[in-house]
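Here is the file data39.csv (CSV, C-alpha atoms).
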chain,number,residue,atom,x,y,z
A,5,MET,CA,93.6,125.1,111.3
A,6,VAL,CA,96.7,126.8,112.7
A,7,ARG,CA,96.8,126.4,116.5
A,8,THR,CA,98.1,129.5,118.3
A,9,VAL,CA,98.7,129.7,122.1
A,10,ALA,CA,99.1,133.0,124.0
A,11,LEU,CA,101.6,132.7,126.9
A,12,ILE,CA,101.1,135.4,129.4
A,13,VAL,CA,104.2,136.0,131.6
A,14,ALA,CA,103.0,137.1,135.0
A,15,ALA,CA,105.5,135.6,137.5
A,16,GLY,CA,107.3,138.9,138.3
A,17,ARG,CA,107.3,140.4,141.7
A,18,GLY,CA,107.3,144.1,140.5
A,19,HIS,CA,109.9,145.3,143.1
A,20,ARG,CA,110.5,148.5,141.1
A,21,PHE,CA,106.8,149.4,141.6
A,22,GLY,CA,107.0,149.3,145.3
A,23,ALA,CA,103.4,148.1,146.0
A,24,GLU,CA,102.3,145.5,148.5
A,25,LEU,CA,101.0,143.3,145.6
A,26,PRO,CA,102.8,142.5,142.3
A,27,LYS,CA,101.7,145.2,139.8
A,28,GLN,CA,99.8,142.6,137.6
A,29,TYR,CA,97.4,142.1,140.5
A,30,LEU,CA,96.7,145.8,141.3
A,31,GLU,CA,93.3,147.2,140.5
A,32,LEU,CA,92.8,149.0,137.2
A,33,GLY,CA,89.3,150.0,136.1
A,34,GLY,CA,87.6,147.8,138.7
A,35,ARG,CA,89.6,144.7,137.8
A,36,MET,CA,93.1,143.4,138.2
A,37,VAL,CA,95.6,144.5,135.6
A,38,LEU,CA,96.2,140.8,134.7
A,39,ALA,CA,92.4,140.3,134.2
A,40,HIS,CA,92.4,142.8,131.4
A,41,THR,CA,95.4,141.2,129.8
A,42,LEU,CA,94.0,137.7,129.9
A,43,ALA,CA,90.7,138.8,128.5
A,44,ALA,CA,92.3,140.5,125.5
A,45,PHE,CA,93.7,137.1,124.4
A,46,ALA,CA,90.9,134.8,125.6
A,47,THR,CA,88.5,136.8,123.4
A,48,HIS,CA,90.6,137.0,120.3
A,49,PRO,CA,89.3,134.7,117.5
A,50,GLN,CA,92.7,133.6,116.4
A,51,ILE,CA,94.0,132.6,119.8
A,52,SER,CA,93.3,128.9,120.4
A,53,VAL,CA,94.1,128.8,124.1
A,54,VAL,CA,95.8,131.0,126.8
A,55,ARG,CA,98.2,129.9,129.5
A,56,ALA,CA,99.7,132.1,132.2
A,57,VAL,CA,103.0,131.7,133.9
A,58,ILE,CA,102.7,132.8,137.5
A,59,HIS,CA,104.7,132.9,140.7
A,60,PRO,CA,103.9,129.9,143.0
A,61,SER,CA,102.7,132.3,145.8
A,62,ASP,CA,100.2,134.0,143.6
A,63,ARG,CA,97.7,131.3,142.8
A,64,SER,CA,94.8,132.7,144.8
A,65,LEU,CA,95.4,136.2,143.2
A,66,TYR,CA,95.6,134.6,139.7
A,67,ASP,CA,92.3,132.7,140.2
A,68,LEU,CA,90.6,136.1,140.9
A,69,ALA,CA,92.1,137.6,137.8
A,70,ALA,CA,91.1,134.6,135.6
A,71,LYS,CA,87.6,134.3,136.9
A,72,GLY,CA,85.1,133.7,134.1
A,73,LEU,CA,87.6,132.9,131.5
A,74,SER,CA,88.3,129.6,129.9
A,75,LEU,CA,92.1,129.2,130.2
A,76,LEU,CA,94.7,126.5,130.4
A,77,GLU,CA,96.0,125.6,133.9
A,78,PRO,CA,98.7,128.1,134.8
A,79,VAL,CA,102.3,127.0,135.3
A,80,HIS,CA,104.9,128.3,137.7
A,81,GLY,CA,107.7,130.6,136.5
A,82,GLY,CA,111.4,130.7,137.4
A,83,ALA,CA,113.9,133.0,139.0
A,84,ALA,CA,114.1,135.4,136.0
A,85,ARG,CA,111.7,136.2,133.2
A,86,GLN,CA,113.7,134.2,130.6
A,87,ASP,CA,113.4,131.2,132.9
A,88,SER,CA,109.6,131.8,133.2
A,89,VAL,CA,109.2,131.9,129.4
A,90,ARG,CA,111.2,128.7,128.9
A,91,LEU,CA,109.2,126.9,131.5
A,92,GLY,CA,105.9,128.1,129.9
A,93,LEU,CA,107.1,127.0,126.5
A,94,GLU,CA,108.1,123.6,127.8
A,95,SER,CA,104.7,123.2,129.4
A,96,LEU,CA,103.2,123.2,125.9
A,97,ALA,CA,105.4,120.4,124.5
A,98,ASP,CA,102.9,117.6,125.0
A,99,ASP,CA,100.4,119.3,122.7
A,100,PRO,CA,102.6,121.7,120.8
A,101,PRO,CA,101.0,124.6,119.0
A,102,ASP,CA,102.0,125.9,115.6
A,103,PHE,CA,102.5,129.5,116.9
A,104,VAL,CA,103.0,131.0,120.3
A,105,LEU,CA,102.6,134.6,121.4
A,106,ILE,CA,104.5,135.7,124.5
A,107,HIS,CA,103.1,138.7,126.2
A,108,ASP,CA,103.8,140.7,129.4
A,109,GLY,CA,101.0,140.3,132.0
A,110,ALA,CA,101.4,144.0,132.8
A,111,ARG,CA,100.4,145.2,129.3
A,112,PRO,CA,96.6,145.3,129.7
A,113,PHE,CA,95.7,147.4,126.7
A,114,VAL,CA,96.9,145.3,123.7
A,115,GLU,CA,94.6,145.8,120.8
A,116,ALA,CA,93.1,142.9,118.8
A,117,GLY,CA,94.7,144.4,115.7
A,118,VAL,CA,98.2,144.1,117.1
A,119,ILE,CA,97.6,140.4,117.9
A,120,SER,CA,96.3,139.8,114.4
A,121,ARG,CA,99.2,141.6,112.8
A,122,VAL,CA,101.9,139.5,114.5
A,123,ILE,CA,100.1,136.3,113.8
A,124,ALA,CA,99.8,137.2,110.1
A,125,ALA,CA,103.6,137.9,109.9
A,126,LEU,CA,104.4,134.4,111.2
A,127,GLU,CA,103.3,133.0,107.8
A,128,SER,CA,106.6,134.2,106.4
A,129,HIS,CA,108.8,134.8,109.4
A,130,ALA,CA,110.0,132.6,112.4
A,131,GLY,CA,109.5,135.5,114.8
A,132,VAL,CA,107.9,138.9,114.8
A,133,ILE,CA,107.5,141.7,117.3
A,134,PRO,CA,105.1,144.7,117.4
A,135,ALA,CA,107.2,147.9,117.5
A,136,ILE,CA,106.8,151.7,117.4
A,137,PRO,CA,109.4,153.9,115.5
A,138,VAL,CA,111.3,156.2,117.9
A,139,ALA,CA,110.1,159.7,117.3
A,140,ASP,CA,112.0,161.6,120.0
A,141,THR,CA,115.6,162.8,119.7
A,142,LEU,CA,117.9,160.5,121.7
A,143,LYS,CA,120.7,161.9,123.8
A,144,ARG,CA,123.5,160.1,125.5
A,145,GLY,CA,124.3,161.4,128.9
A,146,ASP,CA,127.0,161.2,131.6
A,147,LYS,CA,127.0,162.8,135.0
A,148,GLY,CA,124.0,165.0,134.1
A,149,LEU,CA,125.5,166.3,130.8
A,150,ILE,CA,124.8,165.5,127.2
A,151,VAL,CA,127.8,163.7,125.6
A,152,GLY,CA,126.3,162.8,122.3
A,153,THR,CA,123.2,162.5,120.1
A,154,GLN,CA,122.0,159.2,118.9
A,155,GLU,CA,120.7,158.9,115.3
A,156,ARG,CA,117.1,157.7,115.7
A,157,ALA,CA,116.6,156.5,112.1
A,158,GLY,CA,115.9,152.7,112.1
A,159,LEU,CA,115.3,152.6,115.9
A,160,PHE,CA,112.1,151.1,117.3
A,161,ARG,CA,110.5,150.6,120.7
A,162,ALA,CA,109.7,146.9,121.2
A,163,GLN,CA,106.4,145.7,122.5
A,164,THR,CA,104.7,142.5,123.2
A,165,PRO,CA,103.1,140.1,122.2
A,166,GLN,CA,106.2,138.8,120.5
A,167,ALA,CA,105.1,136.0,118.2
A,168,PHE,CA,107.1,132.9,117.1
A,169,ARG,CA,106.8,129.6,115.5
A,170,TYR,CA,106.7,127.4,118.5
A,171,GLN,CA,109.4,124.9,117.8
A,172,ASP,CA,111.9,127.6,116.9
A,173,ILE,CA,111.5,129.7,120.0
A,174,LEU,CA,111.4,126.6,122.3
A,175,ALA,CA,114.7,125.4,120.8
A,176,ALA,CA,116.2,128.9,121.2
A,177,HIS,CA,115.2,129.3,124.8
A,178,GLN,CA,116.5,125.8,125.7
A,179,ALA,CA,119.8,126.4,123.9
A,180,LEU,CA,120.3,129.8,125.6
A,181,ALA,CA,119.0,129.0,129.1
A,182,GLY,CA,120.9,130.8,131.7
A,183,GLN,CA,121.9,133.8,129.6
A,184,GLU,CA,120.4,137.2,130.3
A,185,LEU,CA,118.8,138.6,127.2
A,186,THR,CA,116.5,141.6,127.1
A,187,ASP,CA,113.4,139.9,125.4
A,188,ASP,CA,112.3,136.9,123.5
A,189,ALA,CA,113.2,138.4,120.2
A,190,ALA,CA,116.8,138.7,121.4
A,191,VAL,CA,116.8,135.0,122.3
A,192,LEU,CA,115.7,134.0,118.8
A,193,GLU,CA,118.2,136.5,117.3
A,194,ALA,CA,121.1,135.0,119.4
A,195,TYR,CA,120.0,131.6,118.2
A,196,GLY,CA,120.6,132.7,114.6
A,197,GLN,CA,117.1,133.4,113.4
A,198,PRO,CA,116.0,136.8,112.1
A,199,VAL,CA,113.0,138.5,113.7
A,200,ALA,CA,110.5,140.8,111.7
A,201,LEU,CA,108.9,144.0,112.8
A,202,ALA,CA,105.1,144.6,112.7
A,203,GLU,CA,103.2,147.7,113.5
A,204,GLY,CA,102.7,148.2,117.2
A,205,ASP,CA,100.3,150.5,119.0
A,206,GLU,CA,100.9,153.5,121.3
A,207,SER,CA,98.2,152.4,123.6
A,208,ASN,CA,99.9,149.0,124.2
A,209,VAL,CA,101.7,150.4,127.3
A,210,LYS,CA,103.4,148.4,130.1
A,211,ILE,CA,102.5,149.2,133.7
A,212,THR,CA,105.9,149.7,135.3
A,213,THR,CA,105.5,152.6,137.7
A,214,ARG,CA,102.7,154.1,139.9
A,215,ARG,CA,102.5,157.0,137.4
A,216,ASP,CA,101.9,154.4,134.6
A,217,LEU,CA,99.0,153.0,136.6
A,218,GLU,CA,97.5,156.5,137.2
A,219,ILE,CA,97.6,157.3,133.5
A,220,ALA,CA,96.1,153.9,132.6
A,221,GLU,CA,93.2,154.5,135.0
A,222,ARG,CA,92.2,157.5,133.0
A,223,ARG,CA,91.1,155.2,130.2
A,224,PHE,CA,88.2,154.1,132.4
A,225,GLU,CA,87.0,157.6,133.0
A,226,ARG,CA,85.5,157.6,129.4
A,227,PRO,CA,81.8,156.9,129.0
A,228,GLN,CA,81.0,153.4,127.8
A,229,MET,CA,80.3,153.0,124.1
A,230,ALA,CA,77.6,150.8,122.6
A,231,ARG,CA,78.6,148.0,120.2
A,232,THR,CA,76.2,145.8,118.2
A,233,GLY,CA,76.6,142.3,116.8
A,234,ASN,CA,74.4,140.2,114.6
A,235,GLY,CA,73.9,136.4,114.4
A,236,PHE,CA,72.1,134.0,112.1
A,237,ASP,CA,71.8,130.3,112.2
A,238,VAL,CA,69.8,127.5,110.5
A,239,HIS,CA,69.1,123.8,111.5
A,240,ARG,CA,67.2,121.3,109.4
A,241,PHE,CA,64.6,119.0,110.8
A,242,LYS,CA,65.6,115.3,111.2
A,243,LYS,CA,63.5,112.2,111.1
A,244,GLY,CA,62.0,111.3,114.4
A,245,GLY,CA,62.1,113.2,117.7
A,246,ASP,CA,59.3,114.8,119.8
A,247,HIS,CA,60.7,118.2,120.6
A,248,VAL,CA,63.1,121.0,119.6
A,249,TRP,CA,65.2,123.3,121.9
A,250,LEU,CA,64.6,127.0,121.3
A,251,CYS,CA,66.0,129.8,123.5
A,252,GLY,CA,66.9,127.1,126.0
A,253,VAL,CA,63.2,125.9,126.3
A,254,LYS,CA,62.1,122.4,125.3
A,255,VAL,CA,59.2,122.8,122.9
A,256,PRO,CA,57.1,119.8,121.9
A,257,HIS,CA,57.2,119.1,118.1
A,258,LYS,CA,56.8,116.1,115.9
A,259,GLN,CA,60.5,116.3,114.7
A,260,GLY,CA,63.8,117.3,116.2
A,261,LEU,CA,66.5,119.4,114.8
A,262,GLU,CA,69.8,118.1,113.4
A,263,GLY,CA,73.0,119.5,115.0
A,264,HIS,CA,76.2,118.5,116.7
A,265,SER,CA,75.0,120.0,120.0
A,266,ASP,CA,71.3,120.2,121.0
A,267,ALA,CA,70.7,122.3,117.8
A,268,ASP,CA,69.2,125.3,119.6
A,269,VAL,CA,69.2,127.5,116.6
A,270,ALA,CA,68.1,130.6,118.5
A,271,LEU,CA,70.8,130.3,121.1
A,272,HIS,CA,73.4,129.7,118.4
A,273,ALA,CA,72.4,132.9,116.6
A,274,LEU,CA,72.4,134.9,119.8
A,275,THR,CA,75.8,133.5,120.8
A,276,ASP,CA,77.2,134.7,117.5
A,277,ALA,CA,75.6,138.1,117.9
A,278,ILE,CA,77.3,138.6,121.3
A,279,LEU,CA,80.7,137.3,120.1
A,280,GLY,CA,80.4,139.7,117.1
A,281,ALA,CA,79.7,142.7,119.3
A,282,ILE,CA,83.0,142.2,121.2
A,283,GLY,CA,85.0,141.1,118.2
A,284,ALA,CA,85.6,137.6,119.4
A,285,GLY,CA,84.9,135.5,116.3
A,286,ASP,CA,82.0,133.1,116.0
A,287,ILE,CA,80.6,130.1,117.8
A,288,GLY,CA,82.6,127.6,115.7
A,289,LEU,CA,85.9,129.1,116.8
A,290,HIS,CA,85.0,128.7,120.5
A,291,PHE,CA,83.1,125.4,120.2
A,292,PRO,CA,84.3,123.5,117.0
A,293,PRO,CA,81.7,121.0,115.8
A,294,SER,CA,84.6,118.6,115.2
A,295,ASP,CA,85.2,118.4,118.9
A,296,PRO,CA,83.4,115.4,120.4
A,297,GLN,CA,83.0,117.1,123.8
A,298,TRP,CA,80.3,119.3,122.4
A,299,LYS,CA,78.2,116.4,120.9
A,300,GLY,CA,74.7,116.8,122.3
A,301,ALA,CA,75.8,119.7,124.5
A,302,ALA,CA,73.2,122.1,125.9
A,303,SER,CA,73.6,125.4,124.0
A,304,ASP,CA,73.1,127.4,127.1
A,305,LYS,CA,76.8,126.7,127.8
A,306,PHE,CA,77.7,128.5,124.6
A,307,LEU,CA,75.6,131.5,125.4
A,308,ALA,CA,76.9,131.7,129.0
A,309,HIS,CA,80.4,131.5,127.7
A,310,ALA,CA,79.8,134.5,125.3
A,311,ALA,CA,78.3,136.5,128.2
A,312,SER,CA,81.4,135.7,130.4
A,313,LEU,CA,83.6,137.1,127.7
A,314,VAL,CA,81.6,140.4,127.8
A,315,ALA,CA,82.2,140.5,131.6
A,316,ALA,CA,85.8,139.7,131.1
A,317,LYS,CA,86.1,142.8,129.0
A,318,ALA,CA,84.4,144.9,131.7
A,319,GLY,CA,81.4,145.2,129.4
A,320,ARG,CA,77.7,145.0,130.0
A,321,LEU,CA,74.9,143.4,127.9
A,322,VAL,CA,72.5,146.2,127.2
A,323,HIS,CA,69.9,144.3,125.2
A,324,VAL,CA,69.4,141.1,123.2
A,325,ASP,CA,66.8,140.4,120.5
A,326,VAL,CA,66.0,137.1,118.9
A,327,THR,CA,63.7,136.4,115.9
A,328,ILE,CA,62.8,132.8,115.2
A,329,ILE,CA,61.7,132.0,111.7
A,330,CYS,CA,59.5,128.9,111.2
A,331,GLU,CA,56.0,127.7,110.3
A,332,ARG,CA,55.9,125.1,113.1
A,333,PRO,CA,56.1,124.8,116.1
A,334,LYS,CA,54.1,127.9,117.2
A,335,ILE,CA,56.4,130.1,119.3
A,336,GLY,CA,53.7,132.4,120.9
A,337,PRO,CA,52.7,130.0,123.7
A,338,HIS,CA,56.4,129.7,124.7
A,339,ARG,CA,57.6,133.3,124.2
A,340,ALA,CA,57.4,134.3,127.9
A,341,ALA,CA,59.4,131.2,129.0
A,342,MET,CA,62.0,131.8,126.3
A,343,THR,CA,62.5,135.4,127.4
A,344,ALA,CA,62.8,134.4,131.0
A,345,ARG,CA,65.3,131.7,130.1
A,346,LEU,CA,67.5,134.1,128.0
A,347,ALA,CA,67.6,136.5,130.9
A,348,GLU,CA,68.5,133.7,133.3
A,349,ILE,CA,71.4,132.4,131.2
A,350,LEU,CA,72.8,135.9,130.5
A,351,GLY,CA,72.2,137.3,134.0
A,352,ILE,CA,70.2,140.2,132.9
A,353,GLU,CA,66.7,141.6,133.6
A,354,GLU,CA,63.9,140.2,131.4
A,355,GLY,CA,63.2,143.6,130.1
A,356,ARG,CA,66.6,143.5,128.3
A,357,ALA,CA,65.7,140.3,126.4
A,358,SER,CA,63.3,140.0,123.5
A,359,VAL,CA,62.0,137.0,121.6
A,360,LYS,CA,59.9,137.3,118.4
A,361,ALA,CA,58.7,134.9,115.8
A,362,THR,CA,57.7,135.2,112.1
A,363,THR,CA,57.1,133.0,109.1
A,364,THR,CA,58.0,133.2,105.5
A,365,GLU,CA,54.5,132.8,104.3
A,366,GLY,CA,55.1,129.3,103.1
A,367,LEU,CA,58.2,130.3,101.0
A,368,GLY,CA,61.6,128.8,101.2
A,369,PHE,CA,62.9,126.0,103.3
A,370,THR,CA,61.3,127.3,106.5
A,371,GLY,CA,58.0,127.7,104.5
A,372,ARG,CA,58.3,124.1,103.4
A,373,GLN,CA,58.9,123.2,107.1
A,374,GLU,CA,62.3,121.7,106.4
A,375,GLY,CA,63.9,123.5,109.2
A,376,ILE,CA,64.1,126.5,111.5
A,377,ALA,CA,66.2,129.7,111.2
A,378,ALA,CA,67.0,132.4,113.7
A,379,MET,CA,68.4,135.9,113.7
A,380,ALA,CA,69.7,137.8,116.7
A,381,THR,CA,71.1,141.2,117.6
A,382,ALA,CA,73.1,142.0,120.8
A,383,THR,CA,74.0,145.4,122.1
A,384,VAL,CA,77.0,145.6,124.4
A,385,ALA,CA,78.4,148.5,126.3
A,386,LEU,CA,82.2,148.6,126.5
A,387,GLY,CA,84.7,151.1,127.8
A,388,ASP,CA,86.7,151.4,124.6
How does the structure come out when it is put into C-alpha cells?
Amino acid sequence: MVRTVALIVAAGRGHRFGAELPKQYLELGGRMVLAHTLAAFATHPQISVVRAVIHPSDRSLYDLAAKGLSLLEPVHGGAARQDSVRLGLESLADDPPDFVLIHDGARPFVEAGVISRVIAALESHAGVIPAIPVADTLKRGDKGLIVGTQERAGLFRAQTPQAFRYQDILAAHQALAGQELTDDAAVLEAYGQPVALAEGDESNVKITTRRDLEIAERRFERPQMARTGNGFDVHRFKKGGDHVWLCGVKVPHKQGLEGHSDADVALHALTDAILGAIGAGDIGLHFPPSDPQWKGAASDKFLAHAASLVAAKAGRLVHVDVTIICERPKIGPHRAAMTARLAEILGIEEGRASVKATTTEGLGFTGRQEGIAAMATATVALGD
C-alpha cells in the first residue's frame, strides 16, 4: 500500500499578524488554528502519518494543539519556510514514504476531497498543487495609478497541500537549499520537474491577517449537522477458549473468537461506524492486522481512537447503537454492563449508547454457531 505522509509546516512566527502568539496557535472555533489543520490530515483515510514542523519555542503550544491525535514526533524548523520544509523532509529519510503532502499550518479548512485529488494526481506526476483559477481582473499599479491590465487566462491561485513523490521533492530541496523560492512547487520546478494542477477549493483559505481570522470564525456560527456511519464485522469461533469479548465485556463461553486483536466483533463494528461518520476510512487503515503491535490488543483502544478523532474535528458523539447477532452466548444478562462499558470508553452518557441482540433463527453461519456478527450505527454532530 502507498505510504503517504502529511508534513504540516507550522514554524513561522506570524509577524505580519501582529498577535502575541503565532497565528497557528490562536483560537478558532474553540480550538487552536493548528488543531483544525492537524485533525484534517490525521483523520484522512489516505494519510499514513502526520508530522509537524514547529519552532523550538512552541512545543508546549503544539502539544495543546495536537492533544488527542496520533502523530509523529514534531521536528524543529529553520530560519525560513524553505529551510523548515527541507528539515521536515530530511526527518522522514530513515523511513521514507512514497508520497509527501506539504501543507501550511495556518490553512485549517482543507477539505478531504482536496487531499484525495492531489494524492490521486501523484500516480502520473512528480508534483501537484491544488489551485483556483483567477476570476478577477488583474491590474498593475504604480504610485496609486493603474499602469496596465494583466491577462488572467491561464492564471491560478496556488494552495496547499502541495503533493510530491518524496524522493523527488527531497532531492530538489537539498539541491536548492539557501535559495528563496515562493513555494514547494517552485522548488521542484527549478529542479527541472514539471508540476501539475489539481482542483482546489475556495474554502481552503490561509489565515494571514486578523480579518482572515474574523471571517474564519463565522464558519463556527453555523449549527452542527448530524452525520451517520454504519459498521459491520464478523469473527469465527476458534477451538478452545472459555470466553469472548463483546462491547469491552468479558463474557464466559465455551469457545473464543479468532482475530488479530481480542476479536471484539461489536467494538470493531462500532469503531467502523464512527470512522465512517467522520469520513476517516475504516479500522484496517488505522490499525492494520498486519502490524504486530495490535496482536492481542484490547479493542477498546480502537474505539477510543475513533472517539478522539471525532473530538479532534470539534465533533460530538450523539448516539451509538450496536446489534450483536449470535445464538450463543446469551447477551441479555450482560447488556447493562456492555452499555455502561461503551459509554465509559466513548466518554458519553449511558443513555446515548444502546446494545441489542438478535439471532438468525438457526440460519446461516451464526445460526450454526460458527461465529458472531455485529452491526453498529453511530451519529455524530459536526460543524460542517
* Closest of A:Arg222, A:His247, A:Arg161, A:His107 to Leu201 of chain A - atom-to-atom distances counting only C-alpha atoms -> A:Arg161
* Asked: When distances are computed from only C-alpha atoms, which of A:Ser64, A:Thr213, A:Ser74, A:Thr370 shows the smallest separation from Val238 of chain A?
  ->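 Of A:Ser64, A:Thr213, A:Ser74, A:Thr370, the one nearest Val238 of chain A, counting only C-alpha atoms, is A:Thr370.
You can rank A:Ile12, A:Val253, A:Ala301, A:Ala135 by their closest distance to Leu38 of chain A using only C-alpha atoms, and at the top of that list sits A:Ile12.
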* To do: For Asp62 of chain A, work out the shell of residues within 12 Å, counting only C-alpha atoms and skipping chain neighbours fewer than 6 positions away, then give it as a list in words.
  =>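 Selected residues are Ala14, Ala15, Gly16, Arg17, Leu25, Pro26, Lys27, Gln28, Tyr29, Leu38, Ala56, Leu68, Ala69, Pro78, Val79, His80 and Gly81 of chain A.
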* Non-local contacts of Gly252 of chain A (10 Å; all atoms listed in the file; under 3 positions in same chain excluded) as JSON, numbers by chain -> {"A": [248, 249, 255, 266, 268, 269, 270, 271, 302, 303, 304, 307, 341, 342, 343, 344, 345, 346, 348, 349]}
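Distances here use only C-alpha atoms; by that measure, the residue among A:Lys210, A:His177, A:His264, A:Arg111 closest to Arg85 of chain A is A:His177.
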